[in-house]
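Printed here is model36.txt (compact mmCIF, C-alpha atoms and all ligand atoms):
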```
# COMPACT_ATOMS: atom_id res chain seq x y z
CA MET A 1 14.42 2.48 26.00
CA THR A 2 12.79 -0.09 23.79
CA ALA A 3 10.44 1.15 21.08
CA LYS A 4 6.76 0.36 20.94
CA ILE A 5 6.22 -2.06 18.06
CA ILE A 6 3.59 -0.91 15.56
CA SER A 7 1.97 -4.14 14.42
CA GLY A 8 0.53 -4.04 10.91
CA THR A 9 -1.04 -7.43 11.57
CA GLU A 10 -3.04 -6.04 14.51
CA ILE A 11 -4.02 -2.75 12.78
CA ARG A 12 -5.10 -4.69 9.69
CA LYS A 13 -7.44 -6.78 11.85
CA SER A 14 -9.16 -3.64 13.15
CA ILE A 15 -9.46 -2.13 9.66
CA LEU A 16 -10.90 -5.30 8.16
CA ALA A 17 -13.43 -5.54 11.01
CA GLU A 18 -14.49 -1.93 10.31
CA ILE A 19 -14.84 -2.69 6.58
CA LYS A 20 -16.86 -5.84 7.27
CA ALA A 21 -19.27 -3.86 9.46
CA ASP A 22 -19.68 -1.23 6.68
CA VAL A 23 -20.33 -3.98 4.12
CA GLU A 24 -23.07 -5.43 6.32
CA LYS A 25 -24.67 -1.98 6.60
CA MET A 26 -24.47 -1.54 2.81
CA LYS A 27 -26.06 -4.94 2.26
CA ALA A 28 -28.89 -4.12 4.67
CA LYS A 29 -29.53 -0.69 3.14
CA HIS A 30 -28.93 -1.28 -0.60
CA GLY A 31 -29.00 -5.07 -1.01
CA LYS A 32 -25.54 -4.85 -2.57
CA VAL A 33 -21.96 -5.48 -1.55
CA PRO A 34 -18.67 -4.22 -3.05
CA CYS A 35 -17.27 -6.31 -5.90
CA LEU A 36 -13.56 -6.56 -6.70
CA ALA A 37 -12.34 -8.02 -10.00
CA THR A 38 -8.79 -9.39 -9.84
CA ILE A 39 -6.93 -10.12 -13.05
CA LEU A 40 -3.82 -12.28 -12.97
CA VAL A 41 -1.78 -12.91 -16.11
CA GLY A 42 0.52 -15.95 -16.00
CA LYS A 43 1.65 -18.01 -13.03
CA ASP A 44 4.46 -16.09 -11.36
CA PRO A 45 4.49 -17.66 -7.85
CA GLY A 46 4.82 -14.29 -6.07
CA SER A 47 1.89 -12.81 -8.01
CA VAL A 48 -0.22 -15.95 -7.51
CA SER A 49 0.24 -15.79 -3.73
CA TYR A 50 -0.47 -12.02 -3.62
CA VAL A 51 -3.67 -12.41 -5.65
CA THR A 52 -4.78 -15.43 -3.63
CA LEU A 53 -4.43 -13.38 -0.45
CA LYS A 54 -6.31 -10.41 -1.98
CA ILE A 55 -9.19 -12.71 -2.98
CA LYS A 56 -9.27 -14.42 0.42
CA THR A 57 -9.31 -11.05 2.19
CA ALA A 58 -12.04 -9.66 -0.09
CA LEU A 59 -14.25 -12.67 0.62
CA SER A 60 -13.53 -12.45 4.36
CA VAL A 61 -15.01 -8.93 4.56
CA GLY A 62 -18.09 -9.93 2.57
CA PHE A 63 -17.19 -8.63 -0.90
CA HIS A 64 -18.08 -10.33 -4.15
CA GLU A 65 -15.02 -11.40 -6.06
CA ILE A 66 -14.45 -11.99 -9.75
CA GLN A 67 -11.26 -13.78 -10.55
CA ASP A 68 -9.60 -14.01 -13.96
CA ASP A 69 -6.52 -16.22 -14.31
CA LEU A 70 -5.32 -15.45 -17.81
CA PRO A 71 -2.65 -17.34 -19.75
CA GLU A 72 0.86 -15.85 -19.93
CA ASP A 73 0.52 -15.44 -23.71
CA ILE A 74 -2.79 -13.55 -23.70
CA SER A 75 -2.67 -10.67 -26.15
CA GLU A 76 -2.64 -7.08 -24.98
CA ALA A 77 -5.83 -6.47 -26.99
CA ASP A 78 -7.68 -9.29 -25.19
CA LEU A 79 -6.58 -7.99 -21.79
CA LEU A 80 -7.69 -4.46 -22.70
CA ALA A 81 -11.04 -5.82 -23.90
CA LEU A 82 -11.61 -7.55 -20.55
CA ILE A 83 -10.81 -4.33 -18.69
CA GLU A 84 -13.24 -2.43 -20.91
CA LYS A 85 -15.94 -5.00 -20.14
CA TYR A 86 -15.39 -4.50 -16.40
CA ASN A 87 -15.23 -0.71 -16.80
CA ASN A 88 -18.76 -0.86 -18.19
CA ASP A 89 -20.18 -3.27 -15.63
CA PRO A 90 -21.95 -1.27 -12.88
CA ASP A 91 -21.78 -4.25 -10.50
CA ILE A 92 -17.97 -4.16 -10.46
CA HIS A 93 -16.49 -1.50 -8.19
CA GLY A 94 -12.79 -2.27 -8.27
CA ILE A 95 -10.49 -3.59 -10.98
CA LEU A 96 -7.08 -4.88 -10.02
CA VAL A 97 -4.57 -6.06 -12.61
CA GLN A 98 -1.72 -7.75 -10.77
CA LEU A 99 1.70 -6.41 -11.78
CA PRO A 100 4.19 -7.08 -13.22
CA LEU A 101 2.74 -8.10 -16.58
CA PRO A 102 4.56 -10.20 -19.20
CA MET A 103 7.02 -8.28 -21.43
CA HIS A 104 4.76 -8.27 -24.50
CA ILE A 105 2.08 -6.25 -22.66
CA ASP A 106 2.48 -2.50 -22.17
CA GLU A 107 1.88 -2.01 -18.45
CA LYS A 108 1.23 1.74 -18.77
CA LYS A 109 -1.39 1.15 -21.45
CA VAL A 110 -3.15 -1.35 -19.18
CA ILE A 111 -3.14 0.96 -16.14
CA ASN A 112 -4.41 3.83 -18.29
CA ALA A 113 -7.26 1.64 -19.60
CA ILE A 114 -8.79 1.13 -16.14
CA ASN A 115 -11.64 3.52 -15.34
CA PRO A 116 -10.06 5.85 -12.72
CA ASP A 117 -13.20 5.48 -10.60
CA LYS A 118 -12.57 1.70 -10.39
CA ASP A 119 -8.78 1.99 -10.06
CA VAL A 120 -8.51 0.71 -6.49
CA ASP A 121 -4.70 0.54 -6.72
CA ALA A 122 -4.72 4.30 -7.45
CA PHE A 123 -2.05 3.81 -10.11
CA HIS A 124 -3.94 5.63 -12.93
CA PRO A 125 -2.48 9.07 -13.78
CA VAL A 126 -5.87 10.65 -13.00
CA ASN A 127 -5.70 9.27 -9.45
CA VAL A 128 -2.05 10.32 -9.13
CA GLY A 129 -3.20 13.82 -10.12
CA ARG A 130 -6.13 13.71 -7.70
CA LEU A 131 -3.71 12.80 -4.90
CA MET A 132 -1.58 15.85 -5.79
CA ILE A 133 -4.67 18.08 -5.56
CA GLY A 134 -5.59 16.46 -2.24
CA GLY A 135 -8.72 16.88 -0.14
CA ASP A 136 -11.92 15.33 -1.48
CA ASP A 137 -10.36 14.99 -4.94
CA ALA A 138 -8.18 12.14 -3.67
CA ARG A 139 -10.85 9.45 -3.85
CA PHE A 140 -8.43 6.51 -3.79
CA LEU A 141 -5.09 6.68 -2.05
CA PRO A 142 -2.40 4.25 -3.21
CA CYS A 143 -2.55 1.25 -0.88
CA THR A 144 0.94 1.07 0.63
CA PRO A 145 1.19 4.83 1.36
CA ALA A 146 -2.37 4.78 2.73
CA GLY A 147 -1.35 1.88 5.00
CA ILE A 148 1.70 3.81 6.20
CA GLN A 149 -0.39 6.90 6.98
CA GLU A 150 -2.92 4.76 8.86
CA MET A 151 -0.16 3.13 10.94
CA ILE A 152 1.33 6.50 11.87
CA VAL A 153 -2.11 7.77 12.93
CA ARG A 154 -3.19 4.64 14.81
CA SER A 155 0.13 4.49 16.68
CA GLY A 156 -0.71 7.89 18.14
CA THR A 157 2.11 9.74 16.38
CA GLN A 158 1.46 13.42 15.76
CA ILE A 159 1.89 14.22 12.04
CA CYS A 160 0.93 17.91 12.08
CA GLY A 161 4.12 19.96 12.29
CA ALA A 162 6.38 16.89 12.40
CA GLU A 163 9.64 16.64 10.50
CA VAL A 164 9.15 13.70 8.15
CA VAL A 165 11.99 12.22 6.12
CA VAL A 166 11.08 9.77 3.34
CA VAL A 167 13.94 7.62 2.07
CA GLY A 168 13.11 6.63 -1.51
CA ARG A 169 11.29 8.34 -4.36
CA SER A 170 9.36 5.56 -6.11
CA ASN A 171 6.01 6.24 -7.74
CA ILE A 172 4.25 3.68 -5.57
CA VAL A 173 5.63 4.59 -2.13
CA GLY A 174 8.14 7.44 -1.73
CA LYS A 175 6.56 10.16 -3.86
CA PRO A 176 2.92 9.58 -2.82
CA ILE A 177 3.56 9.20 0.93
CA ALA A 178 5.64 12.40 0.91
CA MET A 179 2.82 14.27 -0.81
CA MET A 180 0.12 12.81 1.47
CA LEU A 181 1.92 13.80 4.67
CA ALA A 182 2.78 17.29 3.38
CA GLN A 183 -0.82 18.06 2.31
CA LYS A 184 -3.08 20.41 4.15
CA GLY A 185 -5.63 18.35 6.09
CA VAL A 186 -6.21 15.60 8.59
CA ALA A 187 -3.29 13.22 9.26
CA ALA A 188 -1.03 15.57 7.33
CA ASN A 189 0.53 19.08 7.63
CA ALA A 190 4.04 17.67 8.11
CA THR A 191 7.29 19.19 6.87
CA VAL A 192 8.57 16.57 4.45
CA THR A 193 11.99 15.90 2.97
CA ILE A 194 12.55 13.24 0.31
CA VAL A 195 16.02 11.70 0.24
CA HIS A 196 17.40 9.19 -2.26
CA THR A 197 20.51 7.53 -3.67
CA ARG A 198 22.00 10.86 -4.81
CA THR A 199 21.44 12.63 -1.48
CA LYS A 200 24.77 13.87 -0.09
CA ASP A 201 24.37 13.03 3.60
CA LEU A 202 21.57 10.55 4.17
CA ALA A 203 22.41 10.08 7.84
CA ALA A 204 22.21 13.82 8.63
CA HIS A 205 18.72 14.07 7.08
CA CYS A 206 17.43 10.92 8.78
CA LYS A 207 18.68 12.14 12.17
CA ARG A 208 16.36 15.16 11.95
CA ALA A 209 13.24 13.05 11.42
CA ASP A 210 10.44 12.81 13.95
CA ILE A 211 8.90 10.33 11.50
CA LEU A 212 11.25 8.33 9.29
CA VAL A 213 9.70 6.40 6.38
CA VAL A 214 12.17 4.10 4.68
CA ALA A 215 11.33 2.66 1.27
CA ALA A 216 14.72 2.20 -0.35
CA GLY A 217 14.81 -1.56 -1.00
CA VAL A 218 18.26 -1.86 0.60
CA PRO A 219 18.39 -4.33 3.52
CA GLY A 220 19.65 -2.76 6.74
CA LEU A 221 20.37 0.61 5.08
CA VAL A 222 19.29 2.70 8.08
CA LYS A 223 21.65 2.38 11.04
CA PRO A 224 20.61 3.05 14.65
CA GLU A 225 22.80 6.16 14.84
CA TRP A 226 20.74 7.68 11.97
CA ILE A 227 17.62 7.66 14.16
CA LYS A 228 16.54 10.52 16.38
CA PRO A 229 15.79 9.17 19.88
CA GLY A 230 12.04 8.68 20.24
CA ALA A 231 11.29 8.93 16.49
CA THR A 232 8.60 6.88 14.77
CA VAL A 233 10.24 4.60 12.19
CA ILE A 234 8.23 3.04 9.37
CA ASP A 235 10.15 0.37 7.48
CA VAL A 236 8.65 -0.37 4.06
CA GLY A 237 11.49 -2.63 2.93
CA VAL A 238 10.69 -6.27 2.21
CA ASN A 239 14.02 -7.74 1.15
CA ARG A 240 14.46 -11.45 0.57
CA VAL A 241 17.86 -12.12 2.09
CA GLY A 242 17.92 -15.92 2.14
CA MET A 243 16.08 -19.09 3.00
CA ASN A 244 15.74 -20.80 6.38
CA GLU A 245 17.24 -24.23 5.77
CA VAL A 246 15.05 -25.91 8.40
CA THR A 247 11.62 -24.41 7.60
CA GLY A 248 12.29 -23.66 3.91
CA LYS A 249 10.77 -20.22 4.46
CA VAL A 250 12.16 -17.08 2.84
CA ILE A 251 13.98 -14.81 5.29
CA LEU A 252 12.77 -11.21 5.00
CA LYS A 253 14.70 -8.18 6.18
CA GLY A 254 13.63 -4.56 6.23
CA ASP A 255 15.57 -1.45 5.19
CA VAL A 256 16.20 -0.63 8.86
CA ASP A 257 18.53 -2.49 11.20
CA PHE A 258 15.54 -3.40 13.40
CA ASP A 259 17.21 -4.97 16.45
CA ALA A 260 19.48 -1.99 17.01
CA ALA A 261 16.95 0.66 15.88
CA LYS A 262 14.30 -0.46 18.37
CA GLU A 263 16.60 0.60 21.21
CA ILE A 264 16.63 4.20 19.88
CA ALA A 265 13.24 4.75 18.21
CA GLY A 266 10.05 5.56 20.11
CA LYS A 267 7.89 3.46 17.79
CA ILE A 268 8.90 1.14 14.99
CA THR A 269 7.32 -1.24 12.47
CA PRO A 270 8.72 -4.79 12.19
CA VAL A 271 9.47 -6.75 9.00
CA PRO A 272 7.55 -8.94 8.43
CA GLY A 273 4.28 -7.98 10.14
CA GLY A 274 4.58 -4.22 9.68
CA VAL A 275 3.65 -2.29 6.55
CA GLY A 276 3.20 -5.45 4.45
CA PRO A 277 -0.15 -6.58 5.93
CA MET A 278 -1.56 -3.06 5.59
CA THR A 279 -1.46 -2.85 1.79
CA ILE A 280 -4.22 -5.39 1.15
CA ALA A 281 -6.38 -3.89 3.92
CA MET A 282 -6.20 -0.51 2.18
CA LEU A 283 -7.09 -2.15 -1.14
CA MET A 284 -10.27 -3.36 0.54
CA LYS A 285 -10.90 0.14 1.89
CA ASN A 286 -10.62 1.60 -1.63
CA THR A 287 -13.00 -1.03 -3.02
CA LEU A 288 -15.54 -0.27 -0.28
CA LYS A 289 -15.18 3.46 -1.00
CA SER A 290 -15.74 2.85 -4.72
CA ALA A 291 -18.95 0.92 -3.99
CA GLN A 292 -20.11 3.65 -1.60
CA TYR A 293 -19.58 6.29 -4.31
CA ALA A 294 -21.39 4.15 -6.87
CA LEU A 295 -24.40 3.70 -4.59
CA GLY A 296 -24.49 7.41 -3.78
N1 LIG B 301 2.24 -6.19 -7.61
C1 LIG B 301 2.90 -6.02 -6.44
N2 LIG B 301 2.21 -5.16 -5.65
C2 LIG B 301 1.10 -4.78 -6.35
C3 LIG B 301 0.01 -3.92 -6.05
O1 LIG B 301 -0.07 -3.30 -4.98
N3 LIG B 301 -0.94 -3.82 -7.02
C4 LIG B 301 -0.85 -4.47 -8.21
N4 LIG B 301 -1.82 -4.28 -9.10
N5 LIG B 301 0.16 -5.27 -8.51
C5 LIG B 301 1.13 -5.43 -7.59
```
Show how you would write the structure in this file as structure tokens.
Amino acid sequence: MTAKIISGTEIRKSILAEIKADVEKMKAKHGKVPCLATILVGKDPGSVSYVTLKIKTALSVGFHEIQDDLPEDISEADLLALIEKYNNDPDIHGILVQLPLPMHIDEKKVINAINPDKDVDAFHPVNVGRLMIGGDDARFLPCTPAGIQEMIVRSGTQICGAEVVVVGRSNIVGKPIAMMLAQKGVAANATVTIVHTRTKDLAAHCKRADILVVAAGVPGLVKPEWIKPGATVIDVGVNRVGMNEVTGKVILKGDVDFDAAKEIAGKITPVPGGVGPMTIAMLMKNTLKSAQYALG
């Protein structure tokens, strides 16, 4: 049996088309569109390409975009002042400060300075708390976990009652996705186990999973024999394992041994083209949601 491939690239297309249609409706009804402010400090090539893609995507769905490219040596006080200015601007619905920040800036202080109602990354402790409470309190869901949940739903995988195993316990993926899938509610009600580097028998836990979410950052960690036949496997790993000498492109590998795993799993996400493309789509969804709240 060969698994059905869950394409993040295809699902993203549908989500962005839905967002674009909602933006057009908002424009017709209120004469306004969502506005995302992106703040980039320094010129780290990875961050520059991420932010460029976020801006391009925002513009493609009809958002307004405000872009700040700040020098590497900007002071923490100046960055906080800019955030405060955007916090108080009713025409800005989302504020995104690209991470990581230079060493002299306290990242936590910066995240905490963003108005939680404009925190479209959902990194602010208030939004982390809202996610724990669940239901309508969870206004913004963190983008990568929200993308994972959307992929599971749109692939037709039943979450309610499923055994979910999450490999990894990071604040941005492992912990939030575990909580989201265990919550009471739609696209949830799963029985969730979190496993990590100190777990005694990773393989035994993974083998029980109807839905296996792997966010460990270890290329090829999950072997085919760890997968329950027919399971849905979501690979969050984006590991740079080398460079193609002919094309000069970085070679990416997931946390799951994809070629072997696809012969066992029922559904599986590829790397690249799986979870990766979903994150920015969910950022757009949060920004749209923020504008919808602001307009009432
Ligand atoms: N750096 C890498 N990923 C992200 C993200 O999702 N949001 C922000 N703000 N910075 C990042």
Ranking A:Leu53, A:Val153, A:Ala261, A:Ile133 by minimum distance to ligand LIG 301 (chain B) and counting all atoms listed in the file, which one comes first?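 Using all atoms listed in the file, the shortest distance to ligand LIG 301 (chain B) belongs to A:Leu53.
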For Thr38 in chain A, list every protein, DNA or RNA residue within 12 Å, evaluated using only C-alpha atoms, and leave out those in the same chain fewer than 2 positions away; present the list as an mmCIF file with C-alpha atoms, keeping the file's coordinate frame.
```
data_model
loop_
_atom_site.group_PDB
_atom_site.id
_atom_site.type_symbol
_atom_site.label_atom_id
_atom_site.label_comp_id
_atom_site.auth_asym_id
_atom_site.auth_seq_id
_atom_site.Cartn_x
_atom_site.Cartn_y
_atom_site.Cartn_z
ATOM 1 C CA CYS A 35 -17.270 -6.310 -5.900
ATOM 2 C CA LEU A 36 -13.560 -6.560 -6.700
ATOM 3 C CA LEU A 40 -3.820 -12.280 -12.970
ATOM 4 C CA VAL A 41 -1.780 -12.910 -16.110
ATOM 5 C CA SER A 47 1.890 -12.810 -8.010
ATOM 6 C CA VAL A 48 -0.220 -15.950 -7.510
ATOM 7 C CA TYR A 50 -0.470 -12.020 -3.620
ATOM 8 C CA VAL A 51 -3.670 -12.410 -5.650
ATOM 9 C CA THR A 52 -4.780 -15.430 -3.630
ATOM 10 C CA LEU A 53 -4.430 -13.380 -0.450
ATOM 11 C CA LYS A 54 -6.310 -10.410 -1.980
ATOM 12 C CA ILE A 55 -9.190 -12.710 -2.980
ATOM 13 C CA LYS A 56 -9.270 -14.420 0.420
ATOM 14 C CA ALA A 58 -12.040 -9.660 -0.090
ATOM 15 C CA HIS A 64 -18.080 -10.330 -4.150
ATOM 16 C CA GLU A 65 -15.020 -11.400 -6.060
ATOM 17 C CA ILE A 66 -14.450 -11.990 -9.750
ATOM 18 C CA GLN A 67 -11.260 -13.780 -10.550
ATOM 19 C CA ASP A 68 -9.600 -14.010 -13.960
ATOM 20 C CA ASP A 69 -6.520 -16.220 -14.310
ATOM 21 C CA LEU A 70 -5.320 -15.450 -17.810
ATOM 22 C CA LEU A 82 -11.610 -7.550 -20.550
ATOM 23 C CA ILE A 83 -10.810 -4.330 -18.690
ATOM 24 C CA TYR A 86 -15.390 -4.500 -16.400
ATOM 25 C CA ILE A 92 -17.970 -4.160 -10.460
ATOM 26 C CA HIS A 93 -16.490 -1.500 -8.190
ATOM 27 C CA GLY A 94 -12.790 -2.270 -8.270
ATOM 28 C CA ILE A 95 -10.490 -3.590 -10.980
ATOM 29 C CA LEU A 96 -7.080 -4.880 -10.020
ATOM 30 C CA VAL A 97 -4.570 -6.060 -12.610
ATOM 31 C CA GLN A 98 -1.720 -7.750 -10.770
ATOM 32 C CA LEU A 99 1.700 -6.410 -11.780
ATOM 33 C CA LYS A 118 -12.570 1.700 -10.390
ATOM 34 C CA ASP A 119 -8.780 1.990 -10.060
ATOM 35 C CA VAL A 120 -8.510 0.710 -6.490
ATOM 36 C CA ASP A 121 -4.700 0.540 -6.720
ATOM 37 C CA LEU A 283 -7.090 -2.150 -1.140
ATOM 38 C CA THR A 287 -13.000 -1.030 -3.020
#
```
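Ranking A:Ala188, A:Met282, A:Ala291, A:Ile227 by their shortest atom-to-atom distance to Ile264 in chain A, with only C-alpha atoms included, puts A:Ile227 first.
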Edge lengths and centre in Å to one decimal, as JSON, of the axis-aligned box that encloses all listed atoms of range 175-178 of chain A with 5 Å added on every side?
```
{"center_x": 4.7, "center_y": 10.8, "center_z": -1.5, "size_x": 13.6, "size_y": 13.2, "size_z": 14.8}
```
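Taking CA of Ala190 in chain A as the reference point, CA of Lys267 in chain A is found at 17.6 Å.
Of the listed residues (A:Arg169, A:Lys20, A:Arg12, A:His124), A:His124 comes nearest to ligand LIG 301 (chain B); the distances count only C-alpha atoms and all ligand atoms.
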Using all atoms listed in the file, determine which residues lie at most 6 Å from range 228-235 of chain A, disregarding the query and same-chain residues fewer than 6 positions distant; provide the list as a list in words.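 Near neighbours after the sequence-gap exclusion: Lys207, Asp210, Ile211, Leu212, Val213, Val214, Ile264, Ala265, Gly266, Lys267, Ile268 and Thr269 of chain A.
Proximity of A:Asp89, A:Asp44, A:Glu18, A:Asp78 to ligand LIG 301 (chain B), computed with all atoms listed in the file, is greatest for A:Asp44.
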Please indicate the distance in Å from CA of Lys32 in chain A to CA of Gln149 in chain A, rounded to one decimal place.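 Separating CA of Lys32 in chain A from CA of Gln149 in chain A is a distance of 29.4 Å.
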Which residue of A:Glu24, A:Asp255, A:Glu263, A:Glu107 approaches Gly217 in chain A most closely, using only C-alpha atoms: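 So, comparing all the options, the nearest one is A:Asp255.
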Rank nothing, just name the residue among A:Lys253, A:His205, A:Lys175, A:Lys184 nearest to Glu163 in chain A, using all atoms listed in the file.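 When distances to Glu163 in chain A are compared using all atoms listed in the file, the smallest one comes from A:His205.
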Kindly provide, as a VMD selection string, the polymer residues lying within 12 Å of (-3.0, -13.2, -24.0), counting only C-alpha atoms and using the coordinates exactly as they appear in the file. chain A and resid 40 to 42 69 to 82 101 to 105
